[in-house]
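S.K.: Attaching a single structure in structure tokens format; questions to follow.
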Amino acid sequence: MRLNSASVLLLAIAVVILPACAKNPPPAAAAAPKGPPALTTDNDKTLYAMGQIISKQLEAFQLTPQELEVVKSGLDDGAKGKATVDPAEYGPKIQQLMAERSSKAMDKAKADGQAYVAKAATEQGATKTASGIVVTTLTPGTGPSPAATDEVKVHYEGKLINDQVFDSSLKRGEPATFPLNGVIPCWTEALQLMKVGGKARIVCPADLAYGDRGSSGAIPPGSTLIFEVQLLDIVKPAKPEKK
């Protein structure tokens with residue numbers, strides 16, 4: 001499993017910053033005050049942002065509260081120039097641990113997604129296609145249906161099965177326009193079942209969405225996705241100008 005750029009940043013912090021602290025440990029200071037520190041300066045906010053970046057990378061490890069405390073202990077000791085274990089020996093195992101935890105998380109996401117699709121297919125008004133997509137018409141359309149080779153104009157909102165929104169043209173305040181054969185297979189198939197003016201809820205199994213790779217960090221690997229899509233128009237290609 002390859003580490004992404006943010007993961008490289010996490011390792012850079014561990015490999016570059018902490019050894020530097022080990023060579024030049026900070027002077028002893030009074031005990032830190034209890035409670036979260038106030039973010040009053042740009043430097044405070046920059047350091048806080050560093051913590052946020054690290055925390056995002058820790059998500060892939062699916063840490064328990066106890067494991068998170070161990071990570072905090074390692075970070076604290078590293079900043080003080082101490083080491084209970086040898087980072088040179090155990091550092092290379094970080095990637096292995098990430099791969100193992102990510103694989104387990106993906107397997108769970110797939111199982112949860114399959115259960116979600118099965119339940120969605122039993123709801124009133126739902127239709128399950130042969131490929132496994134579940135489509136529920138919310139507002140019937142009255143116009144034509146697009147072909148896979150058409151370009152469509154839509155408003156949409158995409159969620160994970162935990163209701164977390166990962167993308168929304170509604171929040172951006174602008175419809176999206178794209179060729180129907182240039183998006184995930186779930187959309188290519190489901191939107192051909194809609195008519196212009198219609199709105200539908202579409203449940204996309206992981207293998208017809210972003211599969212095992214996920215997307216942009218916002219969509220974890222193996223995720224089943226839920227979209228509410230309003231088909232606004234089938235975009236006609238612009239006519240070439242007459243010379």
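Simple scheme: letters A, B, ... for chains in structure tokens order, numbers from 1 for residues in each chain, numbers from 1 for ligands in the order shown.
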Going by DSSP on the backbone, which bits of range 10-226 of chain A are strand (DSSP E)? Write them as JSON, numbers by chain, please.
M.R.: {"A": [126, 127, 128, 134, 135, 136, 137, 138, 139, 151, 152, 153, 154, 155, 156, 157, 158, 159, 160, 165, 166, 167, 168, 176, 177, 178, 179, 199, 200, 201, 202, 203, 204, 225, 226]}
S.K.: Identify, on the basis of only C-alpha atoms, every residue whose closest approach to range 157-173 of chain A does not exceed 7 Å; exclude the query and any residue fewer than 6 positions from it along the same chain; express the result as a PyMOL selection string.
M.R.: chain A and resi 218+224-229
S.K.: How about saving the chosen residues, C-alpha atoms kept, as a PDB file, in the first residue's frame?
M.R.:
ATOM      1  CA  ALA A 218     -13.835  12.133   1.518  1.00  0.00           C
ATOM      2  CA  THR A 224     -21.759   2.537  -0.687  1.00  0.00           C
ATOM      3  CA  LEU A 225     -23.001   5.992  -1.695  1.00  0.00           C
ATOM      4  CA  ILE A 226     -26.399   7.693  -1.636  1.00  0.00           C
ATOM      5  CA  PHE A 227     -27.284  10.484  -4.036  1.00  0.00           C
ATOM      6  CA  GLU A 228     -30.320  12.676  -4.412  1.00  0.00           C
ATOM      7  CA  VAL A 229     -30.247  13.820  -8.027  1.00  0.00           C
TER       8      VAL A 229
END
S.K.: Set the distance at 8 Å and use only C-alpha atoms: which residues neighbour Pro179 in chain A once local chain neighbours fewer than 3 positions away are removed? I'd like the list as number ranges by chain.
M.R.: A: 148-152, 182-183
S.K.: Set the distance at 10 Å and use only C-alpha atoms: which residues neighbour Gly143 in chain A once local chain neighbours fewer than 2 positions away are removed? I'd like the list as a list in words.
M.R.: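 Counting only C-alpha atoms, the residues come to Pro140, Gly141, Ser145, Pro146, Met194, Lys195, Val196, Gly197, Gly198, Leu231, Leu232, Asp233 and Ile234 of chain A.
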S.K.: What does the file look like for those residues with C-alpha atoms, as a short mmCIF file (atom, residue, chain, number, x, y, z; two decimals), in the first residue's frame?
M.R.:
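File written: out-v3.cif
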data_model
loop_
_atom_site.label_atom_id
_atom_site.label_comp_id
_atom_site.auth_asym_id
_atom_site.auth_seq_id
_atom_site.Cartn_x
_atom_site.Cartn_y
_atom_site.Cartn_z
CA PRO A 140 -41.43 12.11 -11.62
CA GLY A 141 -39.98 13.87 -14.63
CA SER A 145 -34.45 10.42 -20.71
CA PRO A 146 -30.75 10.88 -21.48
CA MET A 194 -34.80 9.28 -15.14
CA LYS A 195 -36.63 11.92 -17.16
CA VAL A 196 -35.79 15.61 -17.34
CA GLY A 197 -37.47 17.45 -14.47
CA GLY A 198 -37.39 14.38 -12.24
CA LEU A 231 -32.13 15.95 -13.68
CA LEU A 232 -32.44 19.53 -14.90
CA ASP A 233 -31.69 19.18 -18.58
CA ILE A 234 -30.01 17.26 -21.37
#
S.K.: Report as a PyMOL selection string all protein, DNA and RNA residues lying within 12 Å of range 59-62 of chain A, evaluated on only C-alpha atoms, omitting residues in the same chain fewer than 4 positions from it.
M.R.: chain A and resi 3-4+6-7+52-55+66-68+71+94-106+108+217-218+220-221
S.K.: Could you save the residues just selected, with N, CA and C atoms, as a PDB file, in the first residue's frame?
M.R.:
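As a result, out_10.pdb now contains:
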ATOM      1  N   LEU A   3       1.719   5.225   0.523  1.00  0.00           N
ATOM      2  CA  LEU A   3       1.273   6.326   1.352  1.00  0.00           C
ATOM      3  C   LEU A   3       0.980   7.524   0.466  1.00  0.00           C
ATOM      4  N   ASN A   4      -0.126   8.241   0.737  1.00  0.00           N
ATOM      5  CA  ASN A   4      -0.420   9.439  -0.014  1.00  0.00           C
ATOM      6  C   ASN A   4       0.411  10.598   0.505  1.00  0.00           C
ATOM      7  N   ALA A   6      -0.284  13.262   2.184  1.00  0.00           N
ATOM      8  CA  ALA A   6      -0.490  13.642   3.582  1.00  0.00           C
ATOM      9  C   ALA A   6       0.174  12.647   4.517  1.00  0.00           C
ATOM     10  N   SER A   7       0.158  11.362   4.123  1.00  0.00           N
ATOM     11  CA  SER A   7       0.836  10.361   4.937  1.00  0.00           C
ATOM     12  C   SER A   7       2.333  10.609   4.951  1.00  0.00           C
ATOM     13  N   GLN A  52      -4.322  18.834  13.302  1.00  0.00           N
ATOM     14  CA  GLN A  52      -5.469  18.395  12.518  1.00  0.00           C
ATOM     15  C   GLN A  52      -5.032  17.511  11.345  1.00  0.00           C
ATOM     16  N   ILE A  53      -3.941  17.907  10.693  1.00  0.00           N
ATOM     17  CA  ILE A  53      -3.425  17.112   9.567  1.00  0.00           C
ATOM     18  C   ILE A  53      -3.008  15.720  10.042  1.00  0.00           C
ATOM     19  N   ILE A  54      -2.307  15.678  11.160  1.00  0.00           N
ATOM     20  CA  ILE A  54      -1.886  14.385  11.706  1.00  0.00           C
ATOM     21  C   ILE A  54      -3.106  13.543  12.067  1.00  0.00           C
ATOM     22  N   SER A  55      -4.120  14.178  12.663  1.00  0.00           N
ATOM     23  CA  SER A  55      -5.303  13.429  13.091  1.00  0.00           C
ATOM     24  C   SER A  55      -6.020  12.802  11.899  1.00  0.00           C
ATOM     25  N   GLN A  66      -7.474   3.831  23.756  1.00  0.00           N
ATOM     26  CA  GLN A  66      -6.239   3.431  24.426  1.00  0.00           C
ATOM     27  C   GLN A  66      -5.042   3.543  23.469  1.00  0.00           C
ATOM     28  N   GLU A  67      -5.242   3.140  22.217  1.00  0.00           N
ATOM     29  CA  GLU A  67      -4.158   3.226  21.238  1.00  0.00           C
ATOM     30  C   GLU A  67      -3.800   4.682  20.950  1.00  0.00           C
ATOM     31  N   LEU A  68      -4.805   5.548  20.919  1.00  0.00           N
ATOM     32  CA  LEU A  68      -4.539   6.962  20.685  1.00  0.00           C
ATOM     33  C   LEU A  68      -3.674   7.549  21.805  1.00  0.00           C
ATOM     34  N   VAL A  71      -0.146   6.698  21.062  1.00  0.00           N
ATOM     35  CA  VAL A  71       0.399   7.584  20.024  1.00  0.00           C
ATOM     36  C   VAL A  71       0.777   8.935  20.630  1.00  0.00           C
ATOM     37  N   ILE A  94       4.826   0.945  10.521  1.00  0.00           N
ATOM     38  CA  ILE A  94       3.672   1.837  10.464  1.00  0.00           C
ATOM     39  C   ILE A  94       2.847   1.576   9.211  1.00  0.00           C
ATOM     40  N   GLN A  95       3.529   1.460   8.070  1.00  0.00           N
ATOM     41  CA  GLN A  95       2.830   1.232   6.811  1.00  0.00           C
ATOM     42  C   GLN A  95       2.086  -0.103   6.838  1.00  0.00           C
ATOM     43  N   GLN A  96       2.715  -1.123   7.415  1.00  0.00           N
ATOM     44  CA  GLN A  96       2.074  -2.436   7.521  1.00  0.00           C
ATOM     45  C   GLN A  96       0.816  -2.353   8.381  1.00  0.00           C
ATOM     46  N   LEU A  97       0.912  -1.634   9.498  1.00  0.00           N
ATOM     47  CA  LEU A  97      -0.248  -1.487  10.372  1.00  0.00           C
ATOM     48  C   LEU A  97      -1.370  -0.731   9.664  1.00  0.00           C
ATOM     49  N   MET A  98      -1.003   0.330   8.919  1.00  0.00           N
ATOM     50  CA  MET A  98      -2.005   1.083   8.180  1.00  0.00           C
ATOM     51  C   MET A  98      -2.717   0.192   7.163  1.00  0.00           C
ATOM     52  N   ALA A  99      -1.950  -0.635   6.448  1.00  0.00           N
ATOM     53  CA  ALA A  99      -2.538  -1.514   5.446  1.00  0.00           C
ATOM     54  C   ALA A  99      -3.511  -2.504   6.088  1.00  0.00           C
ATOM     55  N   GLU A 100      -3.106  -3.067   7.227  1.00  0.00           N
ATOM     56  CA  GLU A 100      -3.961  -4.041   7.909  1.00  0.00           C
ATOM     57  C   GLU A 100      -5.259  -3.391   8.403  1.00  0.00           C
ATOM     58  N   ARG A 101      -5.123  -2.218   9.036  1.00  0.00           N
ATOM     59  CA  ARG A 101      -6.302  -1.537   9.564  1.00  0.00           C
ATOM     60  C   ARG A 101      -7.209  -1.049   8.430  1.00  0.00           C
ATOM     61  N   SER A 102      -6.604  -0.540   7.355  1.00  0.00           N
ATOM     62  CA  SER A 102      -7.387  -0.046   6.223  1.00  0.00           C
ATOM     63  C   SER A 102      -8.170  -1.175   5.567  1.00  0.00           C
ATOM     64  N   SER A 103      -7.530  -2.343   5.474  1.00  0.00           N
ATOM     65  CA  SER A 103      -8.198  -3.501   4.879  1.00  0.00           C
ATOM     66  C   SER A 103      -9.405  -3.921   5.714  1.00  0.00           C
ATOM     67  N   LYS A 104      -9.237  -3.928   7.031  1.00  0.00           N
ATOM     68  CA  LYS A 104     -10.355  -4.284   7.911  1.00  0.00           C
ATOM     69  C   LYS A 104     -11.477  -3.262   7.805  1.00  0.00           C
ATOM     70  N   ALA A 105     -11.103  -1.985   7.743  1.00  0.00           N
ATOM     71  CA  ALA A 105     -12.104  -0.928   7.633  1.00  0.00           C
ATOM     72  C   ALA A 105     -12.870  -1.042   6.317  1.00  0.00           C
ATOM     73  N   MET A 106     -12.158  -1.379   5.234  1.00  0.00           N
ATOM     74  CA  MET A 106     -12.815  -1.521   3.943  1.00  0.00           C
ATOM     75  C   MET A 106     -13.771  -2.712   3.937  1.00  0.00           C
ATOM     76  N   LYS A 108     -15.361  -3.922   6.455  1.00  0.00           N
ATOM     77  CA  LYS A 108     -16.535  -3.535   7.244  1.00  0.00           C
ATOM     78  C   LYS A 108     -17.431  -2.594   6.441  1.00  0.00           C
ATOM     79  N   GLY A 217     -10.125  11.140  -0.229  1.00  0.00           N
ATOM     80  CA  GLY A 217     -10.154  11.163   1.223  1.00  0.00           C
ATOM     81  C   GLY A 217     -11.547  11.329   1.798  1.00  0.00           C
ATOM     82  N   ALA A 218     -12.473  11.911   1.028  1.00  0.00           N
ATOM     83  CA  ALA A 218     -13.835  12.133   1.518  1.00  0.00           C
ATOM     84  C   ALA A 218     -14.680  10.873   1.430  1.00  0.00           C
ATOM     85  N   PRO A 220     -14.291   6.911   1.763  1.00  0.00           N
ATOM     86  CA  PRO A 220     -13.412   5.797   2.124  1.00  0.00           C
ATOM     87  C   PRO A 220     -13.540   4.627   1.156  1.00  0.00           C
ATOM     88  N   PRO A 221     -12.491   3.828   1.014  1.00  0.00           N
ATOM     89  CA  PRO A 221     -12.560   2.643   0.160  1.00  0.00           C
ATOM     90  C   PRO A 221     -13.716   1.723   0.560  1.00  0.00           C
TER      91      PRO A 221
END
S.K.: So that I can see what lies close to Ile202 in chain A, please list as a PyMOL selection string the residues with an atom at most 12 Å from it, counting only C-alpha atoms and leaving out residues fewer than 3 positions away in the same chain.
M.R.: chain A and resi 117+120-121+125-129+132-138+156-161+186-191+193-194+199+205+208-209+224-230
S.K.: Export, as a PDB file, in the first residue's frame, the selected residues with C-alpha atoms.
M.R.:
ATOM      1  CA  VAL A 117     -28.489  -1.654  -0.183  1.00  0.00           C
ATOM      2  CA  ALA A 120     -33.058   0.278   0.727  1.00  0.00           C
ATOM      3  CA  ALA A 121     -34.371  -2.133  -1.906  1.00  0.00           C
ATOM      4  CA  GLY A 125     -41.202   2.916  -4.268  1.00  0.00           C
ATOM      5  CA  ALA A 126     -37.686   1.516  -4.596  1.00  0.00           C
ATOM      6  CA  THR A 127     -36.534  -0.347  -7.696  1.00  0.00           C
ATOM      7  CA  LYS A 128     -33.380  -2.446  -7.742  1.00  0.00           C
ATOM      8  CA  THR A 129     -31.665  -2.845 -11.098  1.00  0.00           C
ATOM      9  CA  GLY A 132     -27.629  -3.781  -7.865  1.00  0.00           C
ATOM     10  CA  ILE A 133     -28.416  -0.040  -7.949  1.00  0.00           C
ATOM     11  CA  VAL A 134     -31.469   1.037  -5.941  1.00  0.00           C
ATOM     12  CA  VAL A 135     -33.472   3.903  -7.489  1.00  0.00           C
ATOM     13  CA  THR A 136     -36.401   5.607  -5.769  1.00  0.00           C
ATOM     14  CA  THR A 137     -38.305   8.268  -7.698  1.00  0.00           C
ATOM     15  CA  LEU A 138     -38.949  11.314  -5.525  1.00  0.00           C
ATOM     16  CA  TYR A 156     -27.244  16.651  -6.555  1.00  0.00           C
ATOM     17  CA  GLU A 157     -26.129  15.832  -3.045  1.00  0.00           C
ATOM     18  CA  GLY A 158     -23.953  12.834  -2.204  1.00  0.00           C
ATOM     19  CA  LYS A 159     -23.787  11.126   1.191  1.00  0.00           C
ATOM     20  CA  LEU A 160     -22.139   8.173   2.855  1.00  0.00           C
ATOM     21  CA  ILE A 161     -24.439   5.668   4.561  1.00  0.00           C
ATOM     22  CA  CYS A 186     -23.899   3.952 -11.036  1.00  0.00           C
ATOM     23  CA  TRP A 187     -24.703   7.410 -12.355  1.00  0.00           C
ATOM     24  CA  THR A 188     -24.329   6.411 -15.985  1.00  0.00           C
ATOM     25  CA  GLU A 189     -26.937   3.696 -15.518  1.00  0.00           C
ATOM     26  CA  ALA A 190     -29.321   5.351 -13.054  1.00  0.00           C
ATOM     27  CA  LEU A 191     -29.709   8.695 -14.800  1.00  0.00           C
ATOM     28  CA  LEU A 193     -33.786   5.714 -16.006  1.00  0.00           C
ATOM     29  CA  MET A 194     -34.799   9.284 -15.141  1.00  0.00           C
ATOM     30  CA  LYS A 199     -35.675  13.827  -8.925  1.00  0.00           C
ATOM     31  CA  PRO A 205     -23.067  -0.145  -4.354  1.00  0.00           C
ATOM     32  CA  LEU A 208     -20.423   0.743  -9.111  1.00  0.00           C
ATOM     33  CA  ALA A 209     -19.070   3.848  -7.357  1.00  0.00           C
ATOM     34  CA  THR A 224     -21.759   2.537  -0.687  1.00  0.00           C
ATOM     35  CA  LEU A 225     -23.001   5.992  -1.695  1.00  0.00           C
ATOM     36  CA  ILE A 226     -26.399   7.693  -1.636  1.00  0.00           C
ATOM     37  CA  PHE A 227     -27.284  10.484  -4.036  1.00  0.00           C
ATOM     38  CA  GLU A 228     -30.320  12.676  -4.412  1.00  0.00           C
ATOM     39  CA  VAL A 229     -30.247  13.820  -8.027  1.00  0.00           C
ATOM     40  CA  GLN A 230     -32.460  16.253  -9.901  1.00  0.00           C
TER      41      GLN A 230
END
S.K.: What gap, in Å, lies between CA of Tyr116 in chain A and CA of Pro185 in chain A?
M.R.: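 These atoms are spaced 18.8 Å apart.
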S.K.: Check range 92-231 of chain A with DSSP on the backbone and list each residue it calls helix (DSSP H, G or I), as a VMD selection string.
M.R.: chain A and resid 93 to 120 169 to 172 180 to 182 185 to 193 206 to 208 211 to 213
S.K.: How many Å separate CA of Gly78 in chain A from CA of Gly91 in chain A?
M.R.: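 Value for the CA of Gly78 in chain A-CA of Gly91 in chain A distance: 12.9 Å.
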S.K.: Mind giving me the straight-line distance from CA of Leu180 in chain A to CA of Lys153 in chain A in Å, one decimal?
M.R.: 9.6 Å
S.K.: Of the candidates A:Val85, A:Leu39, A:Ala109, A:Ala118, which one gets nearest to Gly222 in chain A if we count only C-alpha atoms?
M.R.: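 Among the listed residues, the smallest separation from Gly222 in chain A belongs to A:Ala109.
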